[in-house]
$ cat work_34.cif   # mmCIF, C-alpha atoms
data_structure
loop_
_atom_site.label_atom_id
_atom_site.label_comp_id
_atom_site.auth_asym_id
_atom_site.auth_seq_id
_atom_site.Cartn_x
_atom_site.Cartn_y
_atom_site.Cartn_z
CA MET O 915 -13.05 -63.70 -32.79
CA ASP O 916 -13.20 -60.50 -30.74
CA GLY O 917 -16.65 -58.94 -31.23
CA ALA O 918 -15.08 -55.48 -31.39
CA ALA O 919 -13.12 -56.56 -34.48
CA THR O 920 -16.29 -57.32 -36.42
CA SER O 921 -18.28 -54.20 -35.44
CA LEU O 922 -18.04 -50.86 -37.18
CA VAL O 923 -18.23 -48.82 -33.97
CA THR O 924 -17.55 -50.12 -30.47
CA LEU O 925 -17.72 -48.18 -27.21
CA GLU O 926 -16.16 -49.85 -24.18
CA ASP O 927 -16.99 -48.39 -20.75
CA VAL O 928 -16.81 -44.79 -21.99
CA TRP O 929 -17.10 -41.93 -19.48
CA LYS O 930 -17.27 -38.21 -20.21
CA SER O 931 -17.84 -35.11 -18.04
CA HIS O 932 -17.89 -31.65 -19.58
CA ALA O 933 -16.17 -30.00 -16.61
CA PRO O 934 -14.16 -31.21 -13.60
CA GLY O 935 -16.47 -32.16 -10.76
CA SER O 936 -19.62 -31.99 -12.93
CA PRO O 937 -21.96 -34.97 -13.33
CA ALA O 938 -20.98 -37.38 -16.07
CA ALA O 939 -22.65 -36.66 -19.41
CA VAL O 940 -21.90 -40.26 -20.40
CA SER O 941 -21.51 -42.95 -17.72
CA GLY O 942 -19.86 -46.27 -18.49
CA LEU O 943 -21.34 -46.44 -21.99
CA SER O 944 -20.79 -49.70 -23.90
CA PHE O 945 -22.42 -50.77 -27.17
CA ALA O 946 -21.54 -51.77 -30.73
CA LEU O 947 -22.84 -50.76 -34.16
CA GLU O 948 -22.85 -53.64 -36.63
CA ARG O 949 -22.41 -53.49 -40.39
CA ASN O 950 -25.43 -52.33 -42.41
CA GLU O 951 -27.21 -51.47 -39.17
CA ILE O 952 -29.15 -48.35 -38.22
CA LEU O 953 -28.97 -47.73 -34.49
CA ALA O 954 -30.98 -45.01 -32.77
CA LEU O 955 -30.10 -43.47 -29.41
CA LEU O 956 -33.29 -42.26 -27.75
CA GLY O 957 -33.66 -40.16 -24.64
CA PRO O 958 -34.76 -36.83 -23.17
CA SER O 959 -32.71 -33.64 -23.32
CA GLY O 960 -29.53 -33.95 -21.29
CA SER O 961 -29.41 -37.75 -21.46
CA GLY O 962 -26.05 -37.84 -23.28
CA LYS O 963 -27.20 -38.51 -26.85
CA THR O 964 -25.31 -35.75 -28.66
CA THR O 965 -22.26 -36.19 -26.41
CA THR O 966 -22.13 -39.82 -27.53
CA LEU O 967 -22.12 -38.76 -31.19
CA ARG O 968 -19.39 -36.20 -30.54
CA LEU O 969 -17.27 -38.85 -28.83
CA ILE O 970 -17.63 -41.22 -31.78
CA ALA O 971 -16.87 -38.44 -34.28
CA GLY O 972 -13.83 -37.30 -32.31
CA PHE O 973 -15.11 -33.81 -31.47
CA ASP O 974 -14.83 -34.71 -27.75
CA ARG O 975 -12.30 -36.89 -25.94
CA PRO O 976 -13.56 -39.46 -23.44
CA ASP O 977 -12.31 -39.21 -19.87
CA SER O 978 -11.89 -42.99 -19.82
CA GLY O 979 -12.84 -46.05 -21.83
CA ARG O 980 -12.13 -46.96 -25.44
CA ILE O 981 -13.76 -46.27 -28.81
CA LEU O 982 -12.98 -48.49 -31.79
CA LEU O 983 -13.83 -48.00 -35.46
CA ASN O 984 -13.82 -51.10 -37.64
CA GLY O 985 -11.96 -52.91 -34.86
CA ALA O 986 -9.16 -50.33 -34.54
CA PRO O 987 -8.93 -48.06 -31.46
CA VAL O 988 -9.34 -44.34 -32.17
CA SER O 989 -9.42 -43.08 -28.56
CA GLY O 990 -8.55 -44.32 -25.09
CA GLU O 991 -5.42 -45.73 -23.45
CA GLY O 992 -3.22 -43.06 -24.99
CA MET O 993 -4.67 -43.46 -28.48
CA TRP O 994 -6.22 -40.49 -30.30
CA ILE O 995 -7.20 -40.23 -33.95
CA GLU O 996 -8.31 -36.80 -35.21
CA PRO O 997 -11.89 -36.44 -36.50
CA GLU O 998 -10.88 -35.90 -40.12
CA GLN O 999 -9.02 -39.24 -40.12
CA ARG O 1000 -11.93 -41.33 -38.81
CA ARG O 1001 -13.96 -41.70 -42.03
CA ILE O 1002 -17.12 -40.60 -40.26
CA GLY O 1003 -19.91 -38.60 -41.90
CA MET O 1004 -21.98 -36.23 -39.78
CA VAL O 1005 -25.37 -34.65 -40.45
CA PHE O 1006 -25.91 -31.83 -37.98
CA GLN O 1007 -29.21 -30.70 -36.53
CA ASP O 1008 -29.06 -27.37 -38.41
CA TYR O 1009 -27.60 -29.05 -41.57
CA ALA O 1010 -24.58 -26.62 -41.51
CA LEU O 1011 -24.60 -26.00 -45.26
CA PHE O 1012 -22.33 -23.25 -46.57
CA PRO O 1013 -24.67 -20.45 -47.70
CA HIS O 1014 -22.20 -18.98 -50.24
CA LEU O 1015 -21.68 -22.29 -52.06
CA THR O 1016 -23.96 -24.02 -54.55
CA LEU O 1017 -25.32 -27.43 -53.66
CA LEU O 1018 -22.74 -29.04 -55.92
CA ASP O 1019 -19.89 -27.16 -54.21
CA ASN O 1020 -21.31 -27.97 -50.78
CA VAL O 1021 -21.14 -31.68 -51.58
CA MET O 1022 -17.72 -31.36 -53.23
CA PHE O 1023 -16.33 -29.65 -50.12
CA GLY O 1024 -15.58 -32.94 -48.38
CA LEU O 1025 -13.98 -34.56 -51.45
CA ARG O 1026 -10.24 -34.00 -51.33
CA ASN O 1027 -8.82 -36.41 -53.90
CA GLY O 1028 -8.90 -36.27 -57.70
CA SER O 1029 -9.43 -33.52 -60.23
CA ARG O 1030 -12.23 -31.00 -59.93
CA GLN O 1031 -14.06 -32.80 -62.72
CA SER O 1032 -13.87 -36.19 -61.00
CA ARG O 1033 -14.98 -34.63 -57.70
CA ALA O 1034 -17.87 -32.88 -59.45
CA ASP O 1035 -18.91 -36.19 -61.05
CA SER O 1036 -18.86 -37.88 -57.64
CA ALA O 1037 -20.87 -35.04 -56.12
CA ARG O 1038 -23.47 -35.21 -58.89
CA HIS O 1039 -23.78 -38.95 -58.38
CA VAL O 1040 -24.52 -38.66 -54.68
CA LEU O 1041 -26.90 -35.74 -55.33
CA SER O 1042 -28.76 -38.04 -57.72
CA VAL O 1043 -28.99 -40.67 -54.97
CA VAL O 1044 -30.83 -38.16 -52.74
CA GLY O 1045 -32.91 -36.81 -55.63
CA MET O 1046 -31.30 -33.35 -55.79
CA VAL O 1047 -29.03 -33.44 -58.86
CA GLU O 1048 -31.36 -31.22 -60.93
CA LEU O 1049 -30.92 -28.44 -58.33
CA ALA O 1050 -27.13 -28.78 -58.13
CA HIS O 1051 -26.46 -25.13 -59.03
CA ARG O 1052 -28.88 -23.61 -56.53
CA TYR O 1053 -27.90 -22.19 -53.15
CA PRO O 1054 -29.11 -23.45 -49.75
CA HIS O 1055 -31.41 -20.48 -49.12
CA GLU O 1056 -33.35 -21.40 -52.27
CA LEU O 1057 -34.34 -24.78 -50.82
CA SER O 1058 -37.00 -26.04 -48.45
CA GLY O 1059 -36.00 -27.60 -45.14
CA GLY O 1060 -36.46 -31.11 -46.51
CA GLN O 1061 -34.32 -30.32 -49.55
CA GLN O 1062 -31.58 -28.86 -47.35
CA GLN O 1063 -31.57 -32.03 -45.31
CA ARG O 1064 -31.10 -34.13 -48.44
CA VAL O 1065 -28.11 -32.01 -49.45
CA ALA O 1066 -26.60 -32.31 -45.97
CA LEU O 1067 -27.03 -36.07 -46.24
CA ALA O 1068 -25.42 -36.08 -49.70
CA ARG O 1069 -22.43 -34.08 -48.40
CA ALA O 1070 -21.96 -36.56 -45.55
CA LEU O 1071 -22.23 -39.59 -47.87
CA ALA O 1072 -19.96 -38.25 -50.65
CA PRO O 1073 -16.59 -39.25 -49.10
CA GLY O 1074 -17.81 -42.81 -48.54
CA PRO O 1075 -17.85 -42.76 -44.73
CA LEU O 1076 -17.38 -45.87 -42.62
CA VAL O 1077 -20.38 -44.79 -40.57
CA LEU O 1078 -22.89 -41.92 -40.68
CA LEU O 1079 -23.88 -39.97 -37.55
CA LEU O 1080 -27.19 -38.06 -37.51
CA ASP O 1081 -27.99 -35.53 -34.78
CA GLU O 1082 -31.77 -34.96 -34.47
CA PRO O 1083 -32.04 -35.06 -38.29
CA PHE O 1084 -35.77 -34.29 -38.51
CA SER O 1085 -36.16 -31.70 -35.76
CA ASN O 1086 -36.37 -28.71 -38.14
CA LEU O 1087 -39.09 -30.21 -40.33
CA ASP O 1088 -42.86 -29.97 -40.05
CA VAL O 1089 -44.88 -33.05 -39.09
CA ASP O 1090 -45.80 -34.19 -42.61
CA MET O 1091 -42.29 -33.61 -43.95
CA ARG O 1092 -40.75 -35.51 -41.03
CA ALA O 1093 -42.65 -38.69 -41.91
CA GLU O 1094 -41.72 -38.36 -45.58
CA MET O 1095 -38.05 -37.74 -44.81
CA ARG O 1096 -37.89 -40.66 -42.38
CA ASP O 1097 -38.93 -42.98 -45.19
CA GLU O 1098 -36.55 -41.31 -47.62
CA LEU O 1099 -33.61 -41.48 -45.21
CA LEU O 1100 -34.24 -45.17 -44.63
CA ARG O 1101 -34.34 -45.79 -48.39
CA ILE O 1102 -31.07 -43.93 -48.99
CA LEU O 1103 -29.21 -45.65 -46.15
CA ARG O 1104 -30.38 -49.09 -47.26
CA ALA O 1105 -29.59 -48.41 -50.94
CA SER O 1106 -26.09 -47.16 -50.12
CA GLU O 1107 -25.49 -49.91 -47.50
CA THR O 1108 -24.52 -47.22 -45.01
CA SER O 1109 -24.43 -47.94 -41.29
CA ALA O 1110 -25.66 -45.11 -39.09
CA VAL O 1111 -26.13 -43.91 -35.54
CA MET O 1112 -29.03 -41.49 -35.13
CA VAL O 1113 -29.89 -39.58 -31.95
CA THR O 1114 -33.40 -38.32 -31.26
CA HIS O 1115 -35.80 -37.57 -28.42
CA ASP O 1116 -38.73 -38.65 -30.62
CA GLN O 1117 -39.64 -42.28 -29.96
CA GLU O 1118 -41.74 -42.58 -33.14
CA GLU O 1119 -38.68 -41.67 -35.22
CA ALA O 1120 -36.46 -44.13 -33.41
CA LEU O 1121 -38.93 -47.02 -33.59
CA ALA O 1122 -39.74 -46.38 -37.26
CA VAL O 1123 -36.18 -46.09 -38.60
CA ALA O 1124 -33.79 -48.12 -36.46
CA ASP O 1125 -32.87 -51.80 -36.42
CA ARG O 1126 -32.05 -51.38 -32.72
CA VAL O 1127 -32.85 -48.60 -30.27
CA GLY O 1128 -30.83 -47.65 -27.21
CA VAL O 1129 -32.51 -45.66 -24.44
CA LEU O 1130 -30.25 -43.24 -22.56
CA ASN O 1131 -31.07 -41.81 -19.15
CA GLN O 1132 -28.67 -39.37 -17.46
CA GLY O 1133 -25.76 -40.73 -19.47
CA CYS O 1134 -26.51 -44.40 -18.82
CA LEU O 1135 -27.71 -46.93 -21.40
CA GLU O 1136 -30.84 -48.43 -19.84
CA GLN O 1137 -31.68 -50.82 -22.68
CA LEU O 1138 -30.57 -51.60 -26.23
CA SER O 1139 -33.01 -53.79 -28.15
CA GLU O 1140 -35.01 -54.22 -31.33
CA PRO O 1141 -37.92 -51.74 -31.45
CA GLU O 1142 -40.62 -54.33 -30.75
CA VAL O 1143 -38.69 -55.80 -27.81
CA LEU O 1144 -38.06 -52.34 -26.38
CA TYR O 1145 -41.75 -51.50 -26.50
CA ARG O 1146 -43.17 -54.83 -25.33
CA ARG O 1147 -40.51 -55.86 -22.82
CA PRO O 1148 -38.92 -52.78 -21.22
CA ARG O 1149 -36.26 -53.73 -18.68
CA THR O 1150 -36.59 -50.67 -16.46
CA ARG O 1151 -39.33 -48.37 -15.27
CA PHE O 1152 -37.71 -45.45 -17.08
CA VAL O 1153 -37.81 -47.30 -20.42
CA ALA O 1154 -41.46 -48.25 -19.83
CA GLU O 1155 -42.33 -44.62 -19.11
CA PHE O 1156 -40.31 -43.09 -21.94
CA VAL O 1157 -41.12 -45.54 -24.75
CA GLY O 1158 -44.88 -45.63 -25.19
CA GLN O 1159 -47.40 -43.77 -23.09
CA SER O 1160 -47.34 -45.93 -19.99
CA ASP O 1161 -49.55 -45.72 -16.93
CA PHE O 1162 -48.88 -47.70 -13.74
CA ILE O 1163 -51.62 -49.42 -11.74
CA PRO O 1164 -50.80 -50.75 -8.22
CA GLY O 1165 -51.36 -54.43 -7.56
CA VAL O 1166 -50.77 -57.11 -4.94
CA VAL O 1167 -49.57 -60.62 -5.72
CA GLY O 1168 -51.66 -63.56 -4.48
CA ASP O 1169 -52.70 -66.54 -6.54
CA ALA O 1170 -53.00 -63.86 -9.22
CA ILE O 1171 -51.97 -60.20 -9.47
CA GLU O 1172 -54.93 -58.30 -8.06
CA THR O 1173 -55.54 -54.71 -9.22
CA GLU O 1174 -58.55 -52.42 -9.29
CA VAL O 1175 -58.87 -53.03 -13.03
CA GLY O 1176 -58.92 -56.82 -12.70
CA SER O 1177 -56.91 -59.94 -11.88
CA PHE O 1178 -53.97 -61.03 -13.99
CA PRO O 1179 -52.11 -64.36 -13.99
CA ASN O 1180 -48.92 -64.64 -11.94
CA ASP O 1181 -47.15 -66.79 -14.52
CA ALA O 1182 -43.70 -65.60 -13.43
CA GLY O 1183 -44.23 -66.88 -9.91
CA LEU O 1184 -43.85 -63.58 -8.08
CA PRO O 1185 -43.89 -64.04 -4.28
CA ALA O 1186 -47.25 -63.80 -2.55
CA GLY O 1187 -47.80 -60.45 -0.87
CA ALA O 1188 -45.44 -58.55 -3.20
CA ARG O 1189 -46.62 -55.07 -4.13
CA VAL O 1190 -46.20 -54.31 -7.81
CA ASP O 1191 -47.11 -51.79 -10.47
CA LEU O 1192 -48.76 -53.04 -13.65
CA VAL O 1193 -47.67 -51.28 -16.86
CA VAL O 1194 -50.68 -50.29 -18.99
CA ARG O 1195 -50.61 -48.62 -22.42
CA PRO O 1196 -53.46 -46.65 -24.07
CA ASP O 1197 -54.03 -49.27 -26.78
CA GLU O 1198 -54.62 -51.88 -24.05
CA VAL O 1199 -57.41 -49.96 -22.27
CA ASP O 1200 -61.05 -50.07 -23.32
CA PHE O 1201 -64.23 -48.86 -21.62
CA GLU O 1202 -68.01 -48.76 -21.92
CA PRO O 1203 -70.45 -46.27 -20.36
CA SER O 1204 -71.89 -47.70 -17.12
CA ASP O 1205 -73.76 -46.00 -14.28
CA ASP O 1206 -71.90 -48.11 -11.71
CA GLY O 1207 -68.58 -48.29 -13.57
CA ASP O 1208 -65.20 -48.08 -11.87
CA GLY O 1209 -63.94 -45.05 -13.82
CA VAL O 1210 -64.88 -41.59 -15.00
CA VAL O 1211 -63.88 -39.76 -18.18
CA SER O 1212 -61.87 -36.79 -16.96
CA HIS O 1213 -61.23 -35.37 -20.42
CA ARG O 1214 -60.85 -36.24 -24.08
CA ARG O 1215 -58.06 -35.09 -26.36
CA PHE O 1216 -58.86 -35.12 -30.08
CA ARG O 1217 -55.79 -36.16 -32.10
CA GLY O 1218 -57.17 -36.44 -35.61
CA ALA O 1219 -57.14 -40.18 -36.31
CA GLU O 1220 -57.92 -41.01 -32.68
CA ASN O 1221 -59.25 -39.72 -29.39
CA LEU O 1222 -57.03 -40.06 -26.34
CA TYR O 1223 -59.20 -40.41 -23.24
CA HIS O 1224 -57.99 -39.70 -19.73
CA LEU O 1225 -59.84 -41.88 -17.22
CA THR O 1226 -59.85 -41.56 -13.42
CA LEU O 1227 -60.44 -44.72 -11.36
CA ARG O 1228 -62.15 -44.84 -7.96
CA SER O 1229 -58.76 -44.83 -6.21
CA GLY O 1230 -57.73 -41.68 -8.05
CA ALA O 1231 -55.35 -43.58 -10.34
CA ARG O 1232 -55.39 -42.44 -13.94
CA LEU O 1233 -55.32 -44.35 -17.21
CA ARG O 1234 -55.21 -43.28 -20.83
CA SER O 1235 -57.22 -45.02 -23.54
CA SER O 1236 -56.82 -44.75 -27.30
CA GLN O 1237 -60.17 -44.83 -29.13
CA PRO O 1238 -61.38 -44.14 -32.69
CA SER O 1239 -61.85 -40.47 -33.54
CA THR O 1240 -65.55 -41.12 -34.15
CA ARG O 1241 -66.14 -42.18 -30.56
CA ALA O 1242 -66.87 -39.11 -28.42
CA LEU O 1243 -67.84 -39.21 -24.75
CA VAL O 1244 -68.13 -36.09 -22.64
CA ALA O 1245 -66.13 -35.47 -19.48
CA GLY O 1246 -67.86 -36.82 -16.40
CA THR O 1247 -69.23 -39.94 -18.09
CA ARG O 1248 -68.92 -42.95 -15.77
CA VAL O 1249 -67.46 -46.00 -17.49
CA GLU O 1250 -66.54 -49.63 -16.86
CA VAL O 1251 -62.82 -50.04 -17.62
CA THR O 1252 -61.31 -53.15 -19.21
CA VAL O 1253 -57.55 -53.73 -19.47
CA ARG O 1254 -56.12 -56.35 -21.83
CA PRO O 1255 -52.29 -56.15 -21.82
CA ALA O 1256 -50.58 -57.58 -24.88
CA GLU O 1257 -47.79 -58.70 -22.52
CA LEU O 1258 -48.09 -58.40 -18.77
CA ILE O 1259 -45.26 -56.25 -17.38
CA VAL O 1260 -44.94 -55.40 -13.70
CA PHE O 1261 -42.37 -53.57 -11.59
CA PRO O 1262 -41.84 -53.80 -7.82
CA CYS O 1263 -43.39 -50.92 -5.86
CA ASP O 1264 -40.50 -50.82 -3.37
CA ALA O 1265 -38.93 -47.37 -3.75
CA GLU O 1266 -35.49 -48.86 -3.24
CA THR O 1267 -35.77 -51.08 -6.32
CA ARG O 1268 -38.07 -48.92 -8.40
CA ASP O 1269 -35.32 -47.38 -10.55
CA ASP O 1270 -32.74 -50.15 -10.31
CA PRO O 1271 -32.12 -51.64 -13.78
CA GLU O 1272 -31.04 -54.92 -12.18
CA ASP O 1273 -34.11 -55.38 -9.98
CA GLY O 1274 -36.73 -53.28 -11.66
CA LEU O 1275 -38.68 -55.65 -13.86
CA GLN O 1276 -40.61 -58.84 -13.67
CA ALA O 1277 -42.46 -59.64 -16.90
CA GLN O 1278 -45.13 -62.24 -17.47
CA ARG O 1279 -44.64 -64.00 -20.82
#

$ encode --input "work_34.cif" --output "C-alpha cells"
Amino acid sequence: MDGAATSLVTLEDVWKSHAPGSPAAVSGLSFALERNEILALLGPSGSGKTTTLRLIAGFDRPDSGRILLNGAPVSGEGMWIEPEQRRIGMVFQDYALFPHLTLLDNVMFGLRNGSRQSRADSARHVLSVVGMVELAHRYPHELSGGQQQRVALARALAPGPLVLLLDEPFSNLDVDMRAEMRDELLRILRASETSAVMVTHDQEEALAVADRVGVLNQGCLEQLSEPEVLYRRPRTRFVAEFVGQSDFIPGVVGDAIETEVGSFPNDAGLPAGARVDLVVRPDEVDFEPSDDGDGVVSHRRFRGAENLYHLTLRSGARLRSSQPSTRALVAGTRVEVTVRPAELIVFPCDAETRDDPEDGLQAQR
C-alpha cells in the first residue's frame, strides 16, 4: 500500500519561496505525520518552520511538490483545497482569541453545524477536556496566559480536526508555566487521540513532547528521528550543534582516535590519518583540580540545579561541563579533564564535507 495513503499528512518534495528570486523558505521538504503521532519541527528563526505549518494549513500555496491529507491531495499538480475544507485545527502563537466573545462563544465560533444548543454542548464538552468549563462565560482578558492557551486549544479541537497544528504554543508563557502546559498539552492530545505538528525553536519542548522531531535548517529537513536518536546519533554537524550543547574537539585517526582529551576507539574503521572532530556534550565532561592539568576553568555559570563550567584546554579549545550546583570552583583553577562520551560521534574536519548531510557523520556504536 502507498505510504501516503496511510499517513494523515504527507509532504512530497515541497518548495516555497515568499517572493520571486528570493531564497527558498522551504526546500524539497518531504515527511509524513502518522496517526496518533505528535511531530515537532525544530529549528532556529528563519528555518522554515512556520512556513511549513502554513503550507499544511493551506494559508500558503507551495511553488512545487504535493501535500496530502489522509491520503488525498490538497495542493500540487493543479489541485488546491481551501483551508476551511481541510479539517485542520490551528493554535497560533498569540492564541488569536476574540476579545469581545466569551470563552464559550470563542469555542463555538468554529462549530457550524447543529442548533445553538447542540453547539454550546459540544463547546462545553471540549472546554471540560482542557479544564476550563467553569470559566466558560468569562472573556479572554480575564484569563492568565496559560488559561488563554487552553481555550485556544479547545477552539481548535472543537470541530474534530484531522490534525492539529501548533505554532510556538508555549512562547508567551513563563518558564514554570511552560513546563506545566507541556505536560497538559501532551495529556490532552493523547486523551483525544489527536495527531499534531508543533513548531518550536526550543529543543527541550520538542524533545519532551514529540514522538519524532524534525530539525530544519534554511528550509531543509536535516534529520527526522525519535528524540533519543536525534540527540545521541545526529546525522549532520548542524543537528549536533543545535540539539544539545555540543562542543567539537579535533582529533586524528590512527589505531585509535587521538585527541587532547584522550584516545577513543576507532570501531567504525575510519581511515588512518583522517582529521575529525569529536562531538562532546556537557554531561560527558568531568574534571578534577590538578596543578598540572590540561584545562583551566574560564568561568562558571550558576543555573540553579546545576553549574555549567566553561573550560579552556591547552590548545585553546573550549569545553562545557555540567556539574552539581553545590560544586563551585573559581575561574583560573587548573583542572584535569576527563571525557566519557555516551556514544562516540565524529565528523570529518574537511571544510568541503563539514556541512554535507551525506558525508558529514561517522558514528562509533

$ resolve_selection --input "work_34.cif" --expression "the PyMOL selection byres ((chain O and resi 1112-1119) around 7)" --output "PyMOL selection string"
chain O and resi 953-958+963-964+1079-1082+1110-1111+1120-1123+1157

$ closest_residue --input "work_34.cif" --among "O:Leu1258, O:Arg980, O:Ala1154, O:Arg1126" --to "O:Asn1180" --atoms "only C-alpha atoms"
O:Leu1258

$ resolve_selection --input "work_34.cif" --expression "the PyMOL selection byres ((chain O and resi 940) around 6)" --output "list in words"
Trp929, Lys930, Ala938, Ala939, Ser941, Gly962 and Gly1133 of chain O

$ residues_around --input "work_34.cif" --residues "O:Leu1067" --least-positions-apart "6" --cutoff "10 Å" --atoms "only C-alpha atoms" --output "VMD selection string"
chain O and resid 1003 to 1006 1009 1021 1040 to 1041 1044 1061 1078 1080 1083 1099 1102 to 1103

$ atom_distance --input "work_34.cif" --atom1 "atom CA of O:Val1143" --atom2 "atom CA of O:Ala1186"
27.8 Å

$ atom_distance --input "work_34.cif" --atom1 "atom CA of O:Pro1164" --atom2 "atom CA of O:Ser1229"
10.1 Å

$ closest_residue --input "work_34.cif" --among "O:Ala1066, O:Leu1018, O:Asn1027, O:Glu1257" --to "O:Glu1048" --atoms "all atoms listed in the file"
O:Leu1018

$ closest_residue --input "work_34.cif" --among "O:Thr1108, O:Leu1011, O:Gly1024, O:Ser1042" --to "O:Gln1063" --atoms "only C-alpha atoms"
O:Leu1011

$ residues_around --input "work_34.cif" --residues "stretch 1050-1053 of chain O" --least-positions-apart "5" --cutoff "7 Å" --atoms "only C-alpha atoms" --output "JSON, numbers by chain"
{"O": [1013, 1015, 1016, 1017, 1018]}

$ axis_aligned_box --input "work_34.cif" --around "stretch 1141-1159 of chain O" --padding-each-side "8 Å" --output "lines of an AutoDock Vina configuration file"
center_x = -41.8
center_y = -49.5
center_z = -23.4
size_x = 27.1
size_y = 28.8
size_z = 32.2

$ residues_around --input "work_34.cif" --residues "O:Gln1159" --least-positions-apart "4" --cutoff "10 Å" --atoms "all atoms listed in the file" --output "list of chain:residue names"
O:Ala1154, O:Glu1155, O:Val1193, O:Val1194, O:Arg1195, O:Pro1196, O:Asp1197, O:Leu1233, O:Arg1234, O:Ser1235

$ atom_distance --input "work_34.cif" --atom1 "atom CA of O:Arg1147" --atom2 "atom CA of O:Arg1214"
28.3 Å

$ residues_around --input "work_34.cif" --residues "O:Gly979" --least-positions-apart "4" --cutoff "8 Å" --atoms "all atoms listed in the file" --output "mmCIF file with C-alpha atoms, keeping the file's coordinate frame"
data_model
loop_
_atom_site.group_PDB
_atom_site.id
_atom_site.type_symbol
_atom_site.label_atom_id
_atom_site.label_comp_id
_atom_site.auth_asym_id
_atom_site.auth_seq_id
_atom_site.Cartn_x
_atom_site.Cartn_y
_atom_site.Cartn_z
ATOM 1 C CA LEU O 925 -17.720 -48.180 -27.210
ATOM 2 C CA GLU O 926 -16.160 -49.850 -24.180
ATOM 3 C CA ASP O 927 -16.990 -48.390 -20.750
ATOM 4 C CA VAL O 928 -16.810 -44.790 -21.990
ATOM 5 C CA TRP O 929 -17.100 -41.930 -19.480
ATOM 6 C CA GLY O 942 -19.860 -46.270 -18.490
ATOM 7 C CA GLY O 990 -8.550 -44.320 -25.090
ATOM 8 C CA GLU O 991 -5.420 -45.730 -23.450
#

$ resolve_selection --input "work_34.cif" --expression "the PyMOL selection byres ((chain O and resi 1241) around 12)" --output "list in words"
Asp1200, Phe1201, Glu1202, Pro1203, Arg1214, Arg1215, Phe1216, Gly1218, Ala1219, Glu1220, Asn1221, Leu1222, Tyr1223, Ser1235, Ser1236, Gln1237, Pro1238, Ser1239, Thr1240, Ala1242, Leu1243 and Val1244 of chain O

$ residues_near_point --input "work_34.cif" --point "(-35.9, -29.3, -38.4)" --cutoff "10 Å" --atoms "all atoms listed in the file" --output "PyMOL selection string"
chain O and resi 1007-1009+1059-1060+1062-1063+1082-1089+1091-1092

$ closest_residue --input "work_34.cif" --among "O:Ser1032, O:Ser1109, O:Ser1177, O:Ser959" --to "O:Asn1131" --atoms "only C-alpha atoms"
O:Ser959

$ closest_residue --input "work_34.cif" --among "O:Asp974, O:Asp1019, O:Glu996, O:Glu1098" --to "O:Ala1034" --atoms "only C-alpha atoms"
O:Asp1019

$ closest_residue --input "work_34.cif" --among "O:Arg1064, O:Arg1217, O:His1039, O:His1224" --to "O:Arg1096" --atoms "only C-alpha atoms"
O:Arg1064

$ residues_around --input "work_34.cif" --residues "O:Ala1231" --least-positions-apart "6" --cutoff "9 Å" --atoms "only C-alpha atoms" --output "JSON, numbers by chain"
{"O": [1162, 1163, 1164, 1225]}

$ decode --input "work_34.cif" --residues "stretch 1073-1094 of chain O" --atoms "C-alpha atoms" --output "compact mmCIF listing (two decimals), in the first residue's frame"
# COMPACT_ATOMS: atom_id res chain seq x y z
CA PRO O 1073 -14.58 20.81 15.20
CA GLY O 1074 -12.82 17.44 15.44
CA PRO O 1075 -9.84 18.24 13.21
CA LEU O 1076 -7.97 15.60 11.25
CA VAL O 1077 -4.73 17.10 12.53
CA LEU O 1078 -3.77 19.92 14.91
CA LEU O 1079 -1.05 22.46 14.06
CA LEU O 1080 0.67 24.38 16.88
CA ASP O 1081 2.87 27.41 16.16
CA GLU O 1082 5.29 28.07 19.06
CA PRO O 1083 2.50 27.22 21.53
CA PHE O 1084 4.46 27.99 24.72
CA SER O 1085 6.42 31.07 23.68
CA ASN O 1086 4.19 33.53 25.59
CA LEU O 1087 4.37 31.67 28.89
CA ASP O 1088 6.84 32.00 31.76
CA VAL O 1089 9.31 29.19 32.46
CA ASP O 1090 7.30 27.39 35.16
CA MET O 1091 4.04 27.66 33.22
CA ARG O 1092 5.70 26.35 30.05
CA ALA O 1093 6.69 23.09 31.74
CA GLU O 1094 3.21 22.68 33.21
